[in-house]
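Asks: One structure follows; several queries about it will come next.
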Amino acid sequence: MTTHPLLSSSPFLRACRGEEPAHVPVWFMRQAGRSLPEYRELRMGVGMLEACFTTDLVVEITLQPVRRHGVDAAIFFSDIVVPLRAIGVDLDIVAGVGPVVAEPIRSRAGLDQLRDLEPDDVAPVLAAVTALTGELGGTPLIGFTGAPFTLASYLVEGRPSRDYRHTKALMHSDPDLWHDLLGRIAAIAGQFLRLQVQAGASAVQVFDSWAGALSLADYRAFVQPHSAAVLAAVEDLDVPRIHFGVGTGELLGAMGEAGADVVGVDWRVPLDEAVRRIGPERSVQGNLDPTLLFAPPEVVEREARRVIEQGRAARGHVFNLGHGVLPDTDPDALTRLVEVVHAYETD
C-alpha cells in the first residue's frame, strides 16, 4: 500500500490523531450521494446494492461531494449490509423500508449463513477503494463497516425495527447464541475493514446506528466486546478509527473504551459535554443537527461556530453533522457550511 505524500498534512488525519491541523476539518456522513442531483441522475434505475458492487459507480459517487463541497475526507459509497450480502446472506435493500433479510437469524442453525469474508467476495468494492486513493490524491478516503449490534439487529429482526424486540429478547434469553452471533459478525466486519485499509483507505469508521436503543449495562455486557474486536482488527494498520452511534449519549464513554481514536457524537449532546464523558485521550467528531441545514445561512453559521467552539475541549475535532445528510438538503448549504468551517479562526 502506497501513501500519498500529502496525506501526512491532512487536516482530517491530524485532527483524528490529536495533532494540530491547518484548519478544522469537515466531512459529512452520507455525503456520497443523498442530496446531490448528479448522484440521483447516476443512480437512476440502479438498485442500491447493485450500485455498491459496481466499481465505476462507487468511484464516481464517492468523488462527487469532494468535487462539489471541498470536504477534507471522502467516505466511500457503500452500505453497512454489503459484507453480509457479499458472503451470501439473502437480503436486499427495499426502497422505503431498508434492509430486508429473507431468513432472520433467531436460532443457532441460522449462524450457518455467516462465513468468513474473503477478498474475492468484495473484489469490485476493493477495486473502487484502490482507484479512489489514486483519484483523491491528498484527500483521505474513509472505509467503513456496520457495527456488530446494528448488523445483528437487521439479521435478527429481518428488517428495520422501532423497538428491537426480537434482538433484545435473543440477547437476554440466549446470551451464548447472542455472543456467538456477534462474534461472527465482528469477524466479518473486521475482515472488511482490513481489506479496505489494505486497498488504500486512510481511516475507518464503525457505524453503530442503533446502539442507542440499549442501556449502558446492556451495551457493556452484550455489545462493547464485539465492537472492540472490530476496532482491534485494524489496530496494527496505523489508521485512525472512528466509532459513531445515534442516540448514544449515555454510551459515549463505553464506546471510546472499545478502542476508537475518534468518537462520533450525534446532535443531542454538546461536544464539550461529550468530551467530559469520553475523556481527553480521544478526538471527537460532530455534531451539527442535520435539520439546521434547512435554516437560513446565518443560523447555520452561528450554530457551526458553536459546535467548533465546543469541540475545542477535545484533543482534536473533526466537524461533521450529528447524523447523515438528509436527502432534501440543498447542496449549496453544505458547500457554504464547509466554507464557514474552513474559515473559522480558533485562536
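Here, A, B, ... name the chains of the C-alpha cells in the order displayed, residue numbers run from 1 inside each chain, and ligands are numbered from 1 in the same displayed order.
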So which residues of range 123-200 of chain A fall under strand (DSSP E or B) by DSSP, listed as a VMD selection string?
Replies: chain A and resid 141 to 146
Asks: Do you know which residues are at most 12 Å from Gln198 in chain A counting only C-alpha atoms, after dropping those on the same chain fewer than 6 positions away, and could you put them as a list in words?
Replies: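 Surrounding residues, per the criterion: Met1, Thr2, Thr3, Pro119, Leu126, Ala127, Val129, Thr130, Thr133, Gly143, Gln191, Phe192, Val204, Val234, Asp236, Leu237, Asp238 and Val239 of chain A.
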Asks: What does the file look like for those residues with C-alpha atoms, as a compact mmCIF listing (two decimals), in the first residue's frame?
Replies:
```
# COMPACT_ATOMS: atom_id res chain seq x y z
CA MET A 1 0.00 0.00 0.00
CA THR A 2 1.48 3.33 -1.08
CA THR A 3 0.62 6.52 0.78
CA PRO A 119 -11.21 -10.73 -0.74
CA LEU A 126 -11.77 -3.16 -3.17
CA ALA A 127 -11.07 -2.16 -6.78
CA VAL A 129 -11.10 1.75 -2.94
CA THR A 130 -7.79 1.38 -4.76
CA THR A 133 -6.97 6.53 -3.44
CA GLY A 143 -13.52 3.00 4.84
CA GLN A 191 -12.13 -8.53 7.85
CA PHE A 192 -13.98 -5.98 5.72
CA VAL A 204 -12.13 3.75 9.07
CA VAL A 234 -7.14 -2.81 12.18
CA ASP A 236 -1.87 -2.80 13.68
CA LEU A 237 -2.52 -0.92 10.42
CA ASP A 238 -2.00 2.52 11.99
CA VAL A 239 -5.11 4.25 10.67
```
Asks: Rounded to one decimal place, report the CA of Leu216 in chain A-CA of Met255 in chain A distance in Å.
Replies: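 Here the two named atoms are 10.0 Å from each other.
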Asks: If you run DSSP on the backbone, which residues of range 161-338 of chain A are alpha helix (DSSP H), as a PyMOL selection string?
Replies: chain A and resi 165-173+175-199+216-218+224-232+252-257+271-278+297-311+331-338
Asks: Set the distance at 9 Å and use only C-alpha atoms: which residues neighbour range 165-167 of chain A once local chain neighbours fewer than 2 positions away are removed? I'd like the list as a PyMOL selection string.
Replies: chain A and resi 106+152-157+161-163+169-172+178
Asks: Identify, on the basis of only C-alpha atoms, every residue whose closest approach to Arg302 in chain A does not exceed 12 Å; exclude the query and any residue fewer than 4 positions from it along the same chain; express the result as an NGL selection string.
Replies: :A and (288 or 292-293 or 295-298 or 306-309 or 337 or 340-341 or 344)
Asks: If you keep all heavy atoms, can you produce a file of those selected residues as a compact mmCIF listing (two decimals), in the first residue's frame?
Replies:
```
# COMPACT_ATOMS: atom_id res chain seq x y z
N LEU A 288 -23.29 18.99 14.26
CA LEU A 288 -24.38 19.90 13.89
C LEU A 288 -25.63 19.09 13.54
O LEU A 288 -25.56 18.12 12.80
CB LEU A 288 -23.97 20.75 12.69
CG LEU A 288 -24.94 21.86 12.29
CD1 LEU A 288 -24.90 22.99 13.31
CD2 LEU A 288 -24.62 22.38 10.90
N LEU A 292 -30.66 21.58 10.75
CA LEU A 292 -30.35 23.01 10.75
C LEU A 292 -29.92 23.50 9.37
O LEU A 292 -29.95 24.71 9.10
CB LEU A 292 -29.24 23.31 11.77
CG LEU A 292 -29.68 23.22 13.24
CD1 LEU A 292 -28.50 23.46 14.16
CD2 LEU A 292 -30.79 24.21 13.53
N LEU A 293 -29.54 22.59 8.49
CA LEU A 293 -29.17 22.99 7.13
C LEU A 293 -30.37 23.51 6.34
O LEU A 293 -30.20 24.06 5.25
CB LEU A 293 -28.51 21.83 6.39
CG LEU A 293 -27.08 21.53 6.88
CD1 LEU A 293 -26.61 20.17 6.43
CD2 LEU A 293 -26.12 22.61 6.41
N ALA A 295 -32.31 25.77 7.76
CA ALA A 295 -32.47 27.10 8.33
C ALA A 295 -31.71 28.12 7.48
O ALA A 295 -30.89 27.75 6.63
CB ALA A 295 -31.98 27.12 9.77
N PRO A 296 -31.94 29.42 7.69
CA PRO A 296 -31.21 30.44 6.93
C PRO A 296 -29.70 30.33 7.18
O PRO A 296 -29.26 29.85 8.23
CB PRO A 296 -31.76 31.75 7.50
CG PRO A 296 -33.11 31.40 8.04
CD PRO A 296 -32.98 30.00 8.56
N PRO A 297 -28.89 30.80 6.21
CA PRO A 297 -27.43 30.68 6.33
C PRO A 297 -26.86 31.27 7.60
O PRO A 297 -25.92 30.71 8.17
CB PRO A 297 -26.93 31.43 5.10
CG PRO A 297 -28.03 31.33 4.09
CD PRO A 297 -29.30 31.36 4.90
N GLU A 298 -27.43 32.37 8.09
CA GLU A 298 -26.88 32.98 9.30
C GLU A 298 -27.09 32.08 10.52
O GLU A 298 -26.25 32.07 11.44
CB GLU A 298 -27.47 34.37 9.53
CG GLU A 298 -28.97 34.41 9.72
CD GLU A 298 -29.75 34.58 8.41
OE1 GLU A 298 -29.18 34.29 7.33
OE2 GLU A 298 -30.93 34.99 8.49
N ARG A 306 -20.74 27.56 17.15
CA ARG A 306 -20.94 26.99 18.48
C ARG A 306 -20.34 25.59 18.57
O ARG A 306 -19.64 25.25 19.54
CB ARG A 306 -22.44 26.94 18.81
CG ARG A 306 -22.76 26.25 20.13
CD ARG A 306 -24.26 26.10 20.33
NE ARG A 306 -24.91 25.35 19.27
CZ ARG A 306 -24.87 24.03 19.17
NH1 ARG A 306 -24.21 23.29 20.07
NH2 ARG A 306 -25.50 23.41 18.17
N VAL A 307 -20.60 24.77 17.56
CA VAL A 307 -20.06 23.42 17.54
C VAL A 307 -18.53 23.45 17.55
O VAL A 307 -17.88 22.69 18.30
CB VAL A 307 -20.58 22.64 16.31
CG1 VAL A 307 -19.81 21.34 16.12
CG2 VAL A 307 -22.08 22.36 16.45
N ILE A 308 -17.94 24.32 16.76
CA ILE A 308 -16.47 24.40 16.72
C ILE A 308 -15.90 24.81 18.06
O ILE A 308 -14.92 24.24 18.56
CB ILE A 308 -16.01 25.37 15.60
CG1 ILE A 308 -16.38 24.81 14.23
CG2 ILE A 308 -14.50 25.60 15.69
CD1 ILE A 308 -16.16 25.78 13.09
N GLU A 309 -16.53 25.80 18.69
CA GLU A 309 -16.04 26.26 20.00
C GLU A 309 -16.15 25.15 21.04
O GLU A 309 -15.24 24.94 21.84
CB GLU A 309 -16.82 27.49 20.45
CG GLU A 309 -16.38 28.77 19.75
CD GLU A 309 -14.91 29.09 20.02
OE1 GLU A 309 -14.44 28.92 21.16
OE2 GLU A 309 -14.22 29.49 19.06
N LEU A 337 -21.43 25.60 4.33
CA LEU A 337 -21.00 25.16 5.66
C LEU A 337 -19.53 24.79 5.65
O LEU A 337 -18.80 25.12 6.61
CB LEU A 337 -21.86 23.98 6.11
CG LEU A 337 -21.51 23.36 7.46
CD1 LEU A 337 -21.53 24.39 8.57
CD2 LEU A 337 -22.48 22.21 7.78
N VAL A 340 -17.60 27.96 5.84
CA VAL A 340 -17.67 28.54 7.19
C VAL A 340 -16.67 27.84 8.12
O VAL A 340 -15.91 28.49 8.85
CB VAL A 340 -19.09 28.45 7.76
CG1 VAL A 340 -19.11 28.73 9.26
CG2 VAL A 340 -20.02 29.40 7.03
N VAL A 341 -16.67 26.52 8.10
CA VAL A 341 -15.79 25.76 8.98
C VAL A 341 -14.32 26.03 8.64
O VAL A 341 -13.49 26.26 9.53
CB VAL A 341 -16.11 24.26 8.90
CG1 VAL A 341 -15.11 23.45 9.72
CG2 VAL A 341 -17.53 23.99 9.40
N TYR A 344 -13.03 29.47 9.85
CA TYR A 344 -13.13 29.81 11.27
C TYR A 344 -11.76 29.83 11.91
O TYR A 344 -10.96 28.90 11.76
CB TYR A 344 -14.02 28.79 11.98
CG TYR A 344 -14.39 29.23 13.38
CD1 TYR A 344 -15.42 30.14 13.58
CD2 TYR A 344 -13.71 28.73 14.49
CE1 TYR A 344 -15.76 30.55 14.86
CE2 TYR A 344 -14.06 29.14 15.77
CZ TYR A 344 -15.08 30.06 15.95
OH TYR A 344 -15.40 30.46 17.21
```
Asks: Would you tabulate, counting only C-alpha atoms, all residues of range 300-327 of chain A that have an atom at most 8 Å from an atom of range 265-279 of chain A, showing the closest pair of atoms and their distance in Å to one decimal, sorted by chain then ascending number, as JSON lines?
Replies:
```
{"residue": "A:Val307", "atom": "CA", "partner": "A:Leu271", "partner_atom": "CA", "distance": 6.9}
{"residue": "A:Gln310", "atom": "CA", "partner": "A:Asp272", "partner_atom": "CA", "distance": 4.9}
{"residue": "A:Gly311", "atom": "CA", "partner": "A:Leu271", "partner_atom": "CA", "distance": 5.4}
{"residue": "A:Arg312", "atom": "CA", "partner": "A:Asp272", "partner_atom": "CA", "distance": 7.6}
{"residue": "A:Ala313", "atom": "CA", "partner": "A:Asp272", "partner_atom": "CA", "distance": 5.5}
{"residue": "A:Ala314", "atom": "CA", "partner": "A:Val275", "partner_atom": "CA", "distance": 5.9}
{"residue": "A:Leu321", "atom": "CA", "partner": "A:Asp266", "partner_atom": "CA", "distance": 7.4}
{"residue": "A:Gly322", "atom": "CA", "partner": "A:Asp266", "partner_atom": "CA", "distance": 3.7}
{"residue": "A:His323", "atom": "CA", "partner": "A:Asp266", "partner_atom": "CA", "distance": 6.0}
```
Asks: Pick from A:Pro124, A:Pro148, A:Gly70, A:Pro327: nearest to Pro25 in chain A, with only C-alpha atoms counted?
Replies: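 Nearest to Pro25 in chain A: A:Gly70.
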Asks: Do a neighbour search on Thr150 in chain A at 9 Å with only C-alpha atoms, toss out local chain neighbours closer than 6 positions, and write the hits as a list in words.
Replies: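 Using only C-alpha atoms, the neighbours found are Ile80, Phe207, Asp208, Ser209, Trp210 and Ala211 of chain A.
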Asks: Work out how far CA of Ala343 in chain A is from CA of Asp330 in chain A, in Å to one decimal.
Replies: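 Between CA of Asp330 in chain A and CA of Ala343 in chain A the gap works out to 20.6 Å.
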Asks: Could you give me, as an mmCIF file with C-alpha atoms, in the first residue's frame, the residues within 7 Å of Ser227 in chain A, counting only C-alpha atoms and dropping anything in the same chain fewer than 4 positions from it?
Replies:
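The resulting file, selection_24.cif, is reproduced below:
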```cif
data_model
loop_
_atom_site.group_PDB
_atom_site.id
_atom_site.type_symbol
_atom_site.label_atom_id
_atom_site.label_comp_id
_atom_site.auth_asym_id
_atom_site.auth_seq_id
_atom_site.Cartn_x
_atom_site.Cartn_y
_atom_site.Cartn_z
ATOM 1 C CA ALA A 147 -21.011 -2.388 13.976
ATOM 2 C CA PRO A 148 -21.965 -5.841 15.284
ATOM 3 C CA ALA A 186 -17.444 -8.862 14.366
ATOM 4 C CA VAL A 223 -22.048 -5.302 22.653
ATOM 5 C CA LEU A 231 -11.769 -1.876 16.017
ATOM 6 C CA ALA A 258 -13.941 -0.027 22.886
#
```
